[in-house]
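The next block holds one structure in the form of structure tokens; read it before the comments.
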Amino acid sequence: MNQDYDSIRPYTDEETSRALRRVADAPELKAISTFIYGPGQDREDALRARLRSTDSIYGFQAGVMAGVIRSILQQTSSSLEVEGLENVEDGRKHVLMSNHRDIILDPAIIQLILFDSGVSTTEIAVGDNLIASSLIEDIFRSNRMIKVVRGGTPREKYVASSLLSSYMRGNIASGRCSVWIAQRGGRSKDGCDATSQGVLKMLDMSGSGDFIKDFSEISVLPIAISYQFEPCDFLKARELFISRRGQYVKKPGEDTHSILTGVTQQKGGIAFHFCRALSMEEIASCAVQGKERFKALAALIDDRICSSYRLWDTNYIALDILEGNDAGSSYYTAENRLSFIERMEKGLSAILQKDPDMDKDELREIFLSIYANPVRSSRVHPAGGKGNSYPVWGNPRRFSY
């Protein structure tokens with residue numbers, strides 16, 4: 001492989017073996033082991049021994065990571081429903097492009113679904129801002145992570161984007177592996193899922209200049225991800241409140257805190273829908289838009305994701321509260337609504353204890369909108385809209401952990 005990729009590519013098996021021995025010796029592993037397996041020196045010792053004896057990426061994913069994600073799902077979710085797996089079981093490699101709600105779990109659960117379905121796992125594009133330590137880098141790059149460079153001068157960002165684009169295209173066009181990437185740089189905070197034209201332009205940087213051929217070659221396959229309880233929902237509401245009054249500035253360690261909150265928070269039901277990959281005909285319909293072709297392509301992906309998004313009782317409850325009616329009451333019970341309100345008020349009160357100057361009514365409206373916006377988006381992107389026949393939720397495959 002081109003040595004220019006060494007700074008961003010995942011570790012090789014040999015590098016993974018060395019990295020996991022470093023992870024096994026890290027003092028932080030005690031806390032990780034306690035969360036995953038419960039307290040106990042024997043459990044911690046077993047994890048350290050397993051890491052030291054692992055000598056490949058596949059061994060790490062199969063022997064450690066699959067169990068870790070299963071454990072997280074057992075502890076923090078009530079169900080995992082998946083539809084559209086037939087779209088990734090044909091053996092072709094894709095750019096798997098999903099909406100983005102949780103920093104770690106979005107791509108991690110995708111890998112577990114693929115692994116447990118007998119489908120090859122993907123490489124994962126992750127922003128370098130999340131690599132807060134050498135320990136995290138060792139874990140991530142041993143788990144097929146591609147480093148996405150976020151900072152630098154405009155020239156440095158351009159070079160980094162070009163390198164990333166070339167690396168991803170080479171993997172997919174050669175049939176080596178699929179790659180997961182979020183539809184935008186960073187999570188959706190307000191519940192509105194929208195594909196960034198910048199991400200699409202990055203993917204096209206390594207192309208031949210033929211829009212239709214270039215996007216057909218990388219086979220973009222959208223994925224719709226939804227959680228009954230939005231990961232980091234209260235943290236997101238607080239950030240949006242502050243952002244309305246100026247630029248939000250992250251504190252040191254905030255990304256790590258969000259990662260831990262997203263992993264440990266109760267999420268209720270979780271749903272993943274693997275949509276059909278974009279066809280050459282659909283890409284051609286975007287190409288004729290000229291300068292607007294990337295906008296049209298982003299809209300096509302948004303249509304796929306929003307029309308396949310699994311809506312939960314929490315989404316309908318929030319919208320009914322905001323609109324002052326019970327139009328969505330057929331999707332939830334009175335007990336569901338009361339429980340949602342009690343959880344909301346408790347969480348908002350906790351924010352106000354730390355930030356008493358915040359307006360609680362506005363904060364509540366922001367929080368409710370995070371949950372209500374997916375219902376609003378589904379009205380703009382109805383299943384089967386714009387003349388297309390999109391799959392709808394009906395007979396999902398349930399994974400039990």
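By convention here, the chains of the structure tokens are called A, B, ... in the order presented, each chain's residues are numbered starting at 1, and ligands are numbered starting at 1 in the order presented.
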Dump as JSON lines the rows for residues of stretch 27-111 of chain A within 12 Å of stretch 118-127 of chain A: closest atom pair and distance in Å with one decimal, only C-alpha atoms counted, ordered by chain and rising residue number.
```
{"residue": "A:Ile57", "atom": "CA", "partner": "A:Thr121", "partner_atom": "CA", "distance": 10.8}
{"residue": "A:Tyr58", "atom": "CA", "partner": "A:Thr121", "partner_atom": "CA", "distance": 9.4}
{"residue": "A:Gln61", "atom": "CA", "partner": "A:Thr121", "partner_atom": "CA", "distance": 9.1}
{"residue": "A:Ala62", "atom": "CA", "partner": "A:Thr121", "partner_atom": "CA", "distance": 10.6}
{"residue": "A:Met65", "atom": "CA", "partner": "A:Thr121", "partner_atom": "CA", "distance": 11.9}
{"residue": "A:Ala66", "atom": "CA", "partner": "A:Thr121", "partner_atom": "CA", "distance": 11.1}
{"residue": "A:Leu85", "atom": "CA", "partner": "A:Val119", "partner_atom": "CA", "distance": 9.4}
{"residue": "A:Glu86", "atom": "CA", "partner": "A:Val119", "partner_atom": "CA", "distance": 10.4}
{"residue": "A:Asn87", "atom": "CA", "partner": "A:Val119", "partner_atom": "CA", "distance": 11.1}
{"residue": "A:Val88", "atom": "CA", "partner": "A:Val119", "partner_atom": "CA", "distance": 7.6}
{"residue": "A:Glu89", "atom": "CA", "partner": "A:Val119", "partner_atom": "CA", "distance": 6.4}
{"residue": "A:Asp90", "atom": "CA", "partner": "A:Val119", "partner_atom": "CA", "distance": 9.2}
{"residue": "A:Gly91", "atom": "CA", "partner": "A:Val119", "partner_atom": "CA", "distance": 8.0}
{"residue": "A:Arg92", "atom": "CA", "partner": "A:Ser120", "partner_atom": "CA", "distance": 10.4}
{"residue": "A:Lys93", "atom": "CA", "partner": "A:Thr122", "partner_atom": "CA", "distance": 9.0}
{"residue": "A:His94", "atom": "CA", "partner": "A:Thr122", "partner_atom": "CA", "distance": 9.1}
{"residue": "A:Val95", "atom": "CA", "partner": "A:Thr122", "partner_atom": "CA", "distance": 9.2}
{"residue": "A:Leu96", "atom": "CA", "partner": "A:Thr122", "partner_atom": "CA", "distance": 8.5}
{"residue": "A:Met97", "atom": "CA", "partner": "A:Ala125", "partner_atom": "CA", "distance": 10.3}
{"residue": "A:Ser98", "atom": "CA", "partner": "A:Ile124", "partner_atom": "CA", "distance": 11.6}
{"residue": "A:His100", "atom": "CA", "partner": "A:Val126", "partner_atom": "CA", "distance": 11.7}
{"residue": "A:Ile103", "atom": "CA", "partner": "A:Val126", "partner_atom": "CA", "distance": 8.8}
{"residue": "A:Ile104", "atom": "CA", "partner": "A:Val126", "partner_atom": "CA", "distance": 9.2}
{"residue": "A:Leu105", "atom": "CA", "partner": "A:Ile124", "partner_atom": "CA", "distance": 11.8}
{"residue": "A:Asp106", "atom": "CA", "partner": "A:Ile124", "partner_atom": "CA", "distance": 10.4}
{"residue": "A:Pro107", "atom": "CA", "partner": "A:Ile124", "partner_atom": "CA", "distance": 6.9}
{"residue": "A:Ala108", "atom": "CA", "partner": "A:Ile124", "partner_atom": "CA", "distance": 8.9}
{"residue": "A:Ile109", "atom": "CA", "partner": "A:Thr121", "partner_atom": "CA", "distance": 10.6}
{"residue": "A:Ile110", "atom": "CA", "partner": "A:Thr121", "partner_atom": "CA", "distance": 8.2}
{"residue": "A:Gln111", "atom": "CA", "partner": "A:Thr121", "partner_atom": "CA", "distance": 5.4}
```
Exercise for the section: Compile the contact shell of stretch 207-220 of chain A as an MDAnalysis selection string: residues with an atom at most 8 Å away, counting only C-alpha atoms, same-chain residues fewer than 2 positions apart removed. Expected result: chainID A and resid 93:97 169 172:173 203:205 222 277:280 283:284 287
Print the selection's residues with C-alpha atoms to a file, as a short mmCIF file (atom, residue, chain, number, x, y, z; two decimals), in the first residue's frame.
```cif
data_model
loop_
_atom_site.label_atom_id
_atom_site.label_comp_id
_atom_site.auth_asym_id
_atom_site.auth_seq_id
_atom_site.Cartn_x
_atom_site.Cartn_y
_atom_site.Cartn_z
CA LYS A 93 -17.84 -3.04 -1.42
CA HIS A 94 -19.44 0.31 -0.61
CA VAL A 95 -19.11 3.66 1.05
CA LEU A 96 -21.50 3.00 3.93
CA MET A 97 -22.76 6.50 4.73
CA ARG A 169 -11.62 4.91 -3.33
CA ILE A 172 -13.61 0.11 -2.52
CA ALA A 173 -12.69 0.03 -6.21
CA LEU A 203 -15.16 11.58 -2.01
CA ASP A 204 -15.06 12.96 -5.56
CA MET A 205 -11.58 14.47 -5.23
CA PRO A 222 -26.94 5.07 2.97
CA ALA A 277 -27.01 1.75 -2.78
CA LEU A 278 -27.37 4.69 -5.15
CA SER A 279 -27.86 3.43 -8.68
CA MET A 280 -26.07 4.77 -11.75
CA ILE A 283 -26.47 9.46 -9.88
CA ALA A 284 -27.03 10.46 -13.52
CA ALA A 287 -25.26 14.93 -12.69
#
```
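Atom CA of A:Ile72 lies 23.4 Å from atom CA of A:Arg22.
Comparing the minimum interatomic distances between A:Arg144 and each of A:Leu311, A:Ile225, A:Val179, A:Val288, counting only C-alpha atoms, we find that A:Val179 sits nearest.
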Exercise for the section: In Å, rounded to a single decimal, give me how far atom CA of A:Gly67 is from atom CA of A:Ala24. Expected result: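 Those two atoms sit 16.6 Å apart.
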When you look at A:Arg150 with a cut-off of 10 Å (counting only C-alpha atoms), what residues show up, excluding the ones that are within fewer than 5 positions of it in the same chain? I need them as a compact mmCIF listing (two decimals) with N, CA and C atoms, in the first residue's frame.
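After the write, out.txt holds the following:
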```txt
# COMPACT_ATOMS: atom_id res chain seq x y z
N VAL A 126 -12.80 8.18 11.21
CA VAL A 126 -13.00 8.82 12.51
C VAL A 126 -12.15 10.08 12.59
N GLY A 127 -12.73 11.17 13.05
CA GLY A 127 -12.00 12.43 13.18
C GLY A 127 -10.86 12.33 14.18
N ASP A 128 -9.72 12.94 13.83
CA ASP A 128 -8.57 12.86 14.72
C ASP A 128 -8.78 13.64 16.01
N ASN A 129 -9.82 14.49 16.07
CA ASN A 129 -10.11 15.20 17.31
C ASN A 129 -10.56 14.26 18.42
N GLU A 156 -3.36 22.46 4.12
CA GLU A 156 -3.16 21.18 4.79
C GLU A 156 -4.46 20.36 4.80
N LYS A 157 -5.57 21.02 4.99
CA LYS A 157 -6.86 20.33 4.97
C LYS A 157 -7.15 19.76 3.58
N ALA A 160 -5.00 16.70 3.07
CA ALA A 160 -5.51 15.60 3.89
C ALA A 160 -6.78 15.02 3.29
N SER A 161 -7.67 15.88 2.78
CA SER A 161 -8.91 15.40 2.18
C SER A 161 -8.64 14.60 0.92
N GLY A 185 -19.60 16.09 9.00
CA GLY A 185 -18.50 16.14 9.96
C GLY A 185 -19.02 16.42 11.35
```
Handout entry: Atomic separation - atom CA of A:Ile301 relative to atom CA of A:Glu282, Å
Key = 10.4 Å
Handout entry: Residues flagged helix (DSSP H, G or I) by DSSP in stretch 253-376 of chain A, as an MDAnalysis selection string
Key = chainID A and resid 254:264 280:287 290:307 313:323 329:331 334:354 360:376
